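Before any comments, here is the structure.
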Amino acid sequence: MSARDFIGSYRLQSFELVFDDGTAEHPLGRDAEGLIVYTREGFFSGQMMQRGRPKFAQPRQSAAQKDFGSDAEVRAAFNGYVAYYCTYDVDEARRIVNHRILSALLPDWEGQVNVRHYEFRGDVLVLRSPPMLVAGKSGRSVLHWQRCPVIY
């Protein structure tokens with residue numbers, strides 16, 4: 001598969017953290033939502049969220065409003081959402097897509113390269129992270145993305 005095979009939009013089917021001992025967790029819940037987009041110009045944009053995040057007691061009308069929300073409200077909103085955009089390139093021989101992050105909800109990700117092993121199963125793109133430690137256990141993120149049909 002080449003970089004052009006990635007081009008399009010995908011909806012999240014599942015997001016699991018699969019540990020080496022065979023156990024698995026759903027970091028954003030079993031019913032997490034998400035959308036990723038790979039463009040012809042070499043850009044990627046992705047968002048995922050946990051359903052049922054609590055609403056703020058006082059609604060925010062604009063991104064210009066900065067002083068709102070309790071610490072608990074802001075924490076729940078932040079921890080239940082992942083978003084970033086980047087450039088991407090594909091290493092076909094190693095079956096890796098590199099996401100070279102330009103901007104992210106998580107400031108630590110900016111300037112990083114998120115390496116993802118990829119596999120296409122028909123219209124489903126499976127992305128796997130390299131091994132990582134989460135709460136002292138080794139595992140990988142495994143995400144299944146369903147390609148969206150072209151409607152125009």
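In the structure tokens, the first chain shown is A, the next is B, and so on; residue numbers restart at 1 for each chain, and ligands run from 1 in the order shown.
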
Item to complete: Excluding A:Phe6 and residues on its chain fewer than 4 positions from it, collect all residues at most 10 Å away from it, counting only C-alpha atoms, and give them as a VMD selection string.
Response: chain A and resid 1 to 2 10 37 to 40 42 44 90 97 120 125 147

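Every protein, DNA or RNA residue with an atom at most 10 Å from stretch 101-110 of chain A, where only C-alpha atoms count and chain neighbours fewer than 6 positions away do not, is listed here: Phe43, Phe44, Ser45, Gly46, Gln47, Phe78, Asn79, Tyr81, Val82, Ala83, Tyr84, Tyr85, Cys86, Thr87 and Tyr88 of chain A.
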
Write out the residues from the selection above, keeping C-alpha atoms, as a compact mmCIF listing (two decimals), in the first residue's frame.
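So result_9.txt came out as:
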# COMPACT_ATOMS: atom_id res chain seq x y z
CA PHE A 43 -1.86 16.11 5.78
CA PHE A 44 -3.62 14.09 8.46
CA SER A 45 -6.21 15.25 10.97
CA GLY A 46 -7.66 13.09 13.70
CA GLN A 47 -10.09 13.36 16.57
CA PHE A 78 -9.59 17.20 28.29
CA ASN A 79 -9.14 13.53 29.29
CA TYR A 81 -10.79 13.92 23.89
CA VAL A 82 -7.79 13.41 21.60
CA ALA A 83 -7.08 15.66 18.63
CA TYR A 84 -4.09 16.49 16.45
CA TYR A 85 -3.07 17.32 12.91
CA CYS A 86 0.15 16.60 11.10
CA THR A 87 1.91 15.70 7.91
CA TYR A 88 2.31 12.01 7.16

Practice prompt. Please run DSSP on the backbone and report, as a VMD selection string, all residues within chain A that come out as alpha helix (DSSP H).
Written response: chain A and resid 3 to 6 71 to 79

Please build the interface table for stretch 49-130 of chain A against stretch 13-21 of chain A with a cut-off of 10 Å, listing for each qualifying residue the nearest atom pair and the distance in Å to one decimal; count only C-alpha atoms, order rows by chain and increasing number, and write it as a Markdown table.
| residue | atom | partner | partner_atom | distance |
| --- | --- | --- | --- | --- |
| A:Val124 | CA | A:Gln13 | CA | 8.8 |
| A:Leu125 | CA | A:Gln13 | CA | 9.9 |
| A:Val126 | CA | A:Ser14 | CA | 9.6 |
| A:Leu127 | CA | A:Phe15 | CA | 9.6 |
| A:Arg128 | CA | A:Leu17 | CA | 9.6 |
| A:Ser129 | CA | A:Leu17 | CA | 9.5 |

Could those selected residues go to a file with N, CA and C atoms, as a PDB file, in the first residue's frame?
ATOM      1  N   VAL A 124     -11.274  -1.383   6.028  1.00  0.00           N
ATOM      2  CA  VAL A 124     -10.900  -1.058   7.406  1.00  0.00           C
ATOM      3  C   VAL A 124      -9.384  -0.878   7.482  1.00  0.00           C
ATOM      4  N   LEU A 125      -8.978   0.253   8.055  1.00  0.00           N
ATOM      5  CA  LEU A 125      -7.575   0.545   8.310  1.00  0.00           C
ATOM      6  C   LEU A 125      -7.306   0.250   9.782  1.00  0.00           C
ATOM      7  N   VAL A 126      -6.362  -0.644  10.048  1.00  0.00           N
ATOM      8  CA  VAL A 126      -5.979  -0.976  11.423  1.00  0.00           C
ATOM      9  C   VAL A 126      -4.639  -0.295  11.693  1.00  0.00           C
ATOM     10  N   LEU A 127      -4.604   0.511  12.749  1.00  0.00           N
ATOM     11  CA  LEU A 127      -3.382   1.198  13.167  1.00  0.00           C
ATOM     12  C   LEU A 127      -2.987   0.700  14.555  1.00  0.00           C
ATOM     13  N   ARG A 128      -1.693   0.340  14.687  1.00  0.00           N
ATOM     14  CA  ARG A 128      -1.168  -0.148  15.964  1.00  0.00           C
ATOM     15  C   ARG A 128       0.032   0.704  16.364  1.00  0.00           C
ATOM     16  N   SER A 129       0.069   1.096  17.633  1.00  0.00           N
ATOM     17  CA  SER A 129       1.226   1.833  18.145  1.00  0.00           C
ATOM     18  C   SER A 129       2.357   0.851  18.442  1.00  0.00           C
TER      19      SER A 129
END
